[in-house]
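S.K.: Please read through the structure below; I'll follow up with questions.
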Amino acid sequence: MEGELATDANLSPDHPDHPNHSDHLDLPRADSFGPVTPYYDELMKQVPYRMWVGYYLLLLSQQDAHPKRILDVCCGTGTMCEMLTDESYQMAGFDLSGGMIEEARRKARRKKLDIRYEVMDAAEADMGDTYDAAFSFFDSLNNIVRPDRLQAAFHRVAAHLPPGGSFIFDLNTAYAFEAKLFDQENLRANAKLKYKWVGDWNPETRIITVDMQFWYRGEAFHEVHTQRAYDEEEVREMLNNAGFTSIRAYHSYTLNPPRYSSDRLHYSALRV
């Protein structure tokens with residue numbers, strides 16, 4: 001199937017034909033956030049968005065940051081933008097998925113919200129504007145599996161911020177993949193959207209390939225997603241290289257430092 005990564009055990013990861021070779025990893029996946037897009041909000045229905053908004057505001061307070069205009073990097077269908085608009089922030093967002101952005105715009109029109117949404121790659125984004133703060137949530141940046149592309153994304157975020165501008169984001173850790181936290185299913189008879197996910201973690205490449213099966217009212221569809229685990233040290237170095245300072249890492253949803261069993265870290269930084 002086009003877009004899938006069918007691992008060939010006979011090829012080295014350095015071989016140009018290996019699916020995890022760097023020449024392949026910066027390309028948008030043909031089957032990633034495609035068929036599931038119309039059902040994404042249903043899939044995320046159990047996500048405690050209000051808690052995420054509250055945690056974001058808490059991390060802003062820890063930076064003594066008081067933004068008015070905020071950029072959502074990899075905004076999906078715009079739920080966080082909508083909730084932060086309700087908190088009186090001026091919001092804008094971009095995402096690589098055209099389907100996600102189309103849905104975000106539809107929701108904004110229906111709710112009469114003034115939110116700008118654009119289709120852009122985080123590593124190349126240019127909104128032609130500056131914002132007081134930027135954030136990226138729900139492990140979106142793990143989907144950038146090439147380190148040089150993540151570095152480029154940090155540079156692009158920095159380009160949208162003034163000195164002192166806030167950048168807050170989260171990343172899944174290697175522990176999350178090793179602990180098989182991506183192996184999930186919801187096959188309850190009363191579930192509108194049923195799914196079964198199985199992750200294949202490669203500790204050498206630090207990439208997990210997640211095979212996702214979905215069923216919606218009898219219709220079956222399939223996606224394959226990939227994420228990369230980044231060490232805290234390399235994330236800090238990338239942020240420094242992009243011109244960020246006052247870098248902090250937290251065991252997610254707390255103000256505590258990371259620990260061995262942290263499956264997700266939240267980072268905060270300020271533009272130099």
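Quick note on naming: the chains in the structure tokens go A, B, ... in the order shown, residues restart at 1 in each chain, and ligands are numbered from 1 in order of appearance.
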I need the alpha helix (DSSP H) residues of region 3-239 of chain A per DSSP on the backbone, written as a ChimeraX atom specification.
M.R.: /A:22-25,40-43,49-63,79-86,98-111,147-159,174-178,232-239
S.K.: Compile the contact shell of Glu234 (chain A) as a VMD selection string: residues with an atom at most 12 Å away, counting only C-alpha atoms, same-chain residues fewer than 6 positions apart removed.
M.R.: chain A and resid 147 to 148 150 to 151 240 to 241
S.K.: Pick from A:Ser166, A:Leu187, A:Leu60, A:Gly78: nearest to Met44 (chain A), with only C-alpha atoms counted?
M.R.: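 Closest candidate: A:Gly78.
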S.K.: For Val224 (chain A), which residue among A:Leu255, A:Asp114, A:Asn143, A:Pro163 is the nearest when counting only C-alpha atoms?
M.R.: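 Between A:Leu255, A:Asp114, A:Asn143, A:Pro163, the residue approaching Val224 (chain A) most closely is A:Asn143.
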S.K.: Which of these residues is nearest to Gln63 (chain A), using only C-alpha atoms: A:Tyr175, A:Tyr40, A:Phe154, A:Tyr267?
M.R.: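 Smallest distance to Gln63 (chain A) is found for A:Tyr267.
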S.K.: Considering only C-alpha atoms, can you say which of A:Phe167, A:Tyr250, A:Phe221, A:Phe138 comes closest to Ser262 (chain A)?
M.R.: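 Result for the nearest residue to Ser262 (chain A): A:Tyr250.
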S.K.: What gap, in Å, lies between CA of Glu82 (chain A) and CA of Met120 (chain A)?
M.R.: 19.2 Å
S.K.: Excluding same-chain residues fewer than 6 positions from Ala174 (chain A), what lies within 8 Å of it counting only C-alpha atoms, as a ChimeraX atom specification?
M.R.: /A:206,229-231,263
S.K.: Find the spatial neighbours of Val53 (chain A), counting only C-alpha atoms, within a cut-off of 9 Å - ignore same-chain residues fewer than 3 positions away - and output them as a list of chain:residue names.
M.R.: A:Pro48, A:Tyr49, A:Arg50, A:Tyr56, A:Leu57, A:Leu58, A:Met80, A:Met83, A:Leu84
S.K.: Put those residues in a file: N, CA, C and O atoms, as a PDB file, in the first residue's frame.
M.R.:
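What ended up in out.pdb:
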ATOM      1  N   PRO A  48      -8.701  15.286  27.622  1.00  0.00           N
ATOM      2  CA  PRO A  48      -9.128  16.371  28.524  1.00  0.00           C
ATOM      3  C   PRO A  48      -8.555  17.719  28.084  1.00  0.00           C
ATOM      4  O   PRO A  48      -7.632  18.265  28.691  1.00  0.00           O
ATOM      5  N   TYR A  49      -9.130  18.269  27.033  1.00  0.00           N
ATOM      6  CA  TYR A  49      -8.604  19.505  26.459  1.00  0.00           C
ATOM      7  C   TYR A  49      -8.555  20.640  27.488  1.00  0.00           C
ATOM      8  O   TYR A  49      -7.615  21.431  27.487  1.00  0.00           O
ATOM      9  N   ARG A  50      -9.554  20.723  28.343  1.00  0.00           N
ATOM     10  CA  ARG A  50      -9.560  21.797  29.338  1.00  0.00           C
ATOM     11  C   ARG A  50      -8.345  21.701  30.255  1.00  0.00           C
ATOM     12  O   ARG A  50      -7.754  22.712  30.647  1.00  0.00           O
ATOM     13  N   TYR A  56      -1.158  24.546  29.943  1.00  0.00           N
ATOM     14  CA  TYR A  56      -0.451  25.512  29.110  1.00  0.00           C
ATOM     15  C   TYR A  56      -0.385  26.876  29.793  1.00  0.00           C
ATOM     16  O   TYR A  56       0.676  27.510  29.851  1.00  0.00           O
ATOM     17  N   LEU A  57      -1.498  27.322  30.342  1.00  0.00           N
ATOM     18  CA  LEU A  57      -1.520  28.614  31.031  1.00  0.00           C
ATOM     19  C   LEU A  57      -0.630  28.598  32.269  1.00  0.00           C
ATOM     20  O   LEU A  57       0.024  29.600  32.595  1.00  0.00           O
ATOM     21  N   LEU A  58      -0.555  27.442  32.941  1.00  0.00           N
ATOM     22  CA  LEU A  58       0.339  27.316  34.096  1.00  0.00           C
ATOM     23  C   LEU A  58       1.801  27.463  33.664  1.00  0.00           C
ATOM     24  O   LEU A  58       2.584  28.166  34.317  1.00  0.00           O
ATOM     25  N   MET A  80      -7.710  23.329  20.391  1.00  0.00           N
ATOM     26  CA  MET A  80      -6.973  24.161  21.350  1.00  0.00           C
ATOM     27  C   MET A  80      -7.084  25.641  20.979  1.00  0.00           C
ATOM     28  O   MET A  80      -7.219  26.502  21.864  1.00  0.00           O
ATOM     29  N   MET A  83     -10.434  26.913  22.218  1.00  0.00           N
ATOM     30  CA  MET A  83     -10.515  27.079  23.671  1.00  0.00           C
ATOM     31  C   MET A  83      -9.696  28.267  24.146  1.00  0.00           C
ATOM     32  O   MET A  83     -10.097  28.982  25.073  1.00  0.00           O
ATOM     33  N   LEU A  84      -8.548  28.498  23.524  1.00  0.00           N
ATOM     34  CA  LEU A  84      -7.736  29.648  23.911  1.00  0.00           C
ATOM     35  C   LEU A  84      -8.359  30.952  23.415  1.00  0.00           C
ATOM     36  O   LEU A  84      -8.188  32.006  24.035  1.00  0.00           O
TER      37      LEU A  84
END
S.K.: Hey, which of A:Glu237, A:Glu42, A:Asp72, A:Asp129 ends up closest to Tyr195 (chain A)? Count only C-alpha atoms.
M.R.: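 Going through A:Glu237, A:Glu42, A:Asp72, A:Asp129 one by one, the smallest distance to Tyr195 (chain A) is for A:Glu42.
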S.K.: Out of A:Tyr55, A:Ser268, A:Ala134, A:Thr85, which residue has the shortest atom-to-atom distance to Lys112 (chain A) when counting only C-alpha atoms?
M.R.: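 Closest to Lys112 (chain A) of all the choices is A:Thr85.
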S.K.: I need the strand (DSSP E or B) residues of region 55-203 of chain A per DSSP on the backbone, written as a ChimeraX atom specification.
M.R.: /A:69-73,90-95,116-119,133-136,166-172,184-186,193-202
S.K.: Pull N, CA and C atoms from the residues just selected and write them as a compact mmCIF listing (two decimals), in the first residue's frame.
M.R.:
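This is the output file selection_16.txt:
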# COMPACT_ATOMS: atom_id res chain seq x y z
N ARG A 69 -1.11 37.28 21.36
CA ARG A 69 -1.27 36.58 20.08
C ARG A 69 -0.45 35.29 20.14
N ILE A 70 -1.11 34.15 19.84
CA ILE A 70 -0.47 32.84 20.01
C ILE A 70 -0.60 32.04 18.73
N LEU A 71 0.48 31.35 18.38
CA LEU A 71 0.53 30.48 17.20
C LEU A 71 0.52 29.02 17.64
N ASP A 72 -0.43 28.25 17.11
CA ASP A 72 -0.53 26.82 17.38
C ASP A 72 0.17 26.08 16.25
N VAL A 73 1.30 25.45 16.56
CA VAL A 73 2.11 24.72 15.59
C VAL A 73 1.61 23.29 15.52
N GLN A 90 -5.72 35.92 20.90
CA GLN A 90 -5.85 35.97 19.45
C GLN A 90 -5.05 34.81 18.88
N MET A 91 -5.74 33.89 18.20
CA MET A 91 -5.12 32.63 17.81
C MET A 91 -4.93 32.51 16.29
N ALA A 92 -3.88 31.76 15.93
CA ALA A 92 -3.65 31.33 14.55
C ALA A 92 -2.99 29.96 14.63
N GLY A 93 -3.13 29.18 13.58
CA GLY A 93 -2.52 27.86 13.60
C GLY A 93 -2.22 27.35 12.20
N PHE A 94 -1.30 26.40 12.14
CA PHE A 94 -1.03 25.72 10.87
C PHE A 94 -0.82 24.24 11.12
N ASP A 95 -1.03 23.46 10.06
CA ASP A 95 -0.86 22.01 10.12
C ASP A 95 -0.51 21.51 8.73
N ARG A 116 -7.07 32.33 12.15
CA ARG A 116 -6.42 32.07 10.86
C ARG A 116 -5.80 30.69 10.87
N TYR A 117 -6.11 29.87 9.87
CA TYR A 117 -5.54 28.53 9.74
C TYR A 117 -4.89 28.40 8.36
N GLU A 118 -3.69 27.80 8.32
CA GLU A 118 -2.98 27.60 7.06
C GLU A 118 -2.41 26.18 6.99
N VAL A 119 -2.26 25.67 5.77
CA VAL A 119 -1.61 24.39 5.54
C VAL A 119 -0.12 24.65 5.35
N ALA A 133 3.69 34.23 21.39
CA ALA A 133 3.97 32.89 21.90
C ALA A 133 3.60 31.86 20.85
N ALA A 134 4.18 30.68 20.98
CA ALA A 134 3.84 29.55 20.12
C ALA A 134 3.84 28.29 20.98
N PHE A 135 3.01 27.34 20.57
CA PHE A 135 3.01 26.05 21.27
C PHE A 135 2.70 24.94 20.28
N SER A 136 3.04 23.72 20.68
CA SER A 136 2.72 22.52 19.88
C SER A 136 2.45 21.39 20.86
N SER A 166 7.49 33.20 23.96
CA SER A 166 7.39 31.88 24.61
C SER A 166 7.17 30.77 23.58
N PHE A 167 7.85 29.63 23.81
CA PHE A 167 7.61 28.43 23.02
C PHE A 167 7.46 27.27 23.99
N ILE A 168 6.31 26.59 23.93
CA ILE A 168 6.01 25.46 24.81
C ILE A 168 5.51 24.30 23.96
N PHE A 169 6.02 23.10 24.23
CA PHE A 169 5.62 21.94 23.42
C PHE A 169 5.86 20.67 24.22
N ASP A 170 5.30 19.58 23.73
CA ASP A 170 5.52 18.30 24.38
C ASP A 170 6.04 17.28 23.38
N LEU A 171 6.75 16.27 23.91
CA LEU A 171 7.27 15.17 23.11
C LEU A 171 7.11 13.86 23.88
N ASN A 172 6.67 12.82 23.17
CA ASN A 172 6.74 11.48 23.74
C ASN A 172 8.20 11.09 23.90
N GLN A 184 -2.89 0.27 21.57
CA GLN A 184 -4.18 0.67 22.12
C GLN A 184 -5.30 0.11 21.28
N GLU A 185 -6.46 -0.06 21.91
CA GLU A 185 -7.62 -0.47 21.15
C GLU A 185 -8.90 -0.01 21.85
N ASN A 186 -9.89 0.22 21.07
CA ASN A 186 -11.24 0.47 21.55
C ASN A 186 -12.18 -0.25 20.60
N LEU A 193 -16.39 5.06 16.74
CA LEU A 193 -15.13 4.84 16.03
C LEU A 193 -14.34 3.77 16.78
N LYS A 194 -14.24 2.60 16.19
CA LYS A 194 -13.46 1.52 16.80
C LYS A 194 -12.05 1.56 16.21
N TYR A 195 -11.07 1.15 17.01
CA TYR A 195 -9.71 1.14 16.48
C TYR A 195 -8.85 0.13 17.22
N LYS A 196 -7.78 -0.25 16.54
CA LYS A 196 -6.76 -1.12 17.13
C LYS A 196 -5.41 -0.69 16.58
N TRP A 197 -4.49 -0.33 17.48
CA TRP A 197 -3.17 0.16 17.10
C TRP A 197 -2.11 -0.79 17.62
N VAL A 198 -1.11 -1.04 16.80
CA VAL A 198 0.03 -1.87 17.22
C VAL A 198 1.31 -1.15 16.80
N GLY A 199 2.19 -0.88 17.77
CA GLY A 199 3.43 -0.17 17.49
C GLY A 199 4.62 -1.11 17.34
N ASP A 200 5.50 -0.79 16.41
CA ASP A 200 6.75 -1.54 16.19
C ASP A 200 7.91 -0.59 16.47
N TRP A 201 8.54 -0.73 17.65
CA TRP A 201 9.59 0.17 18.11
C TRP A 201 10.95 -0.35 17.70
N ASN A 202 11.75 0.51 17.06
CA ASN A 202 13.11 0.17 16.66
C ASN A 202 14.07 1.00 17.51
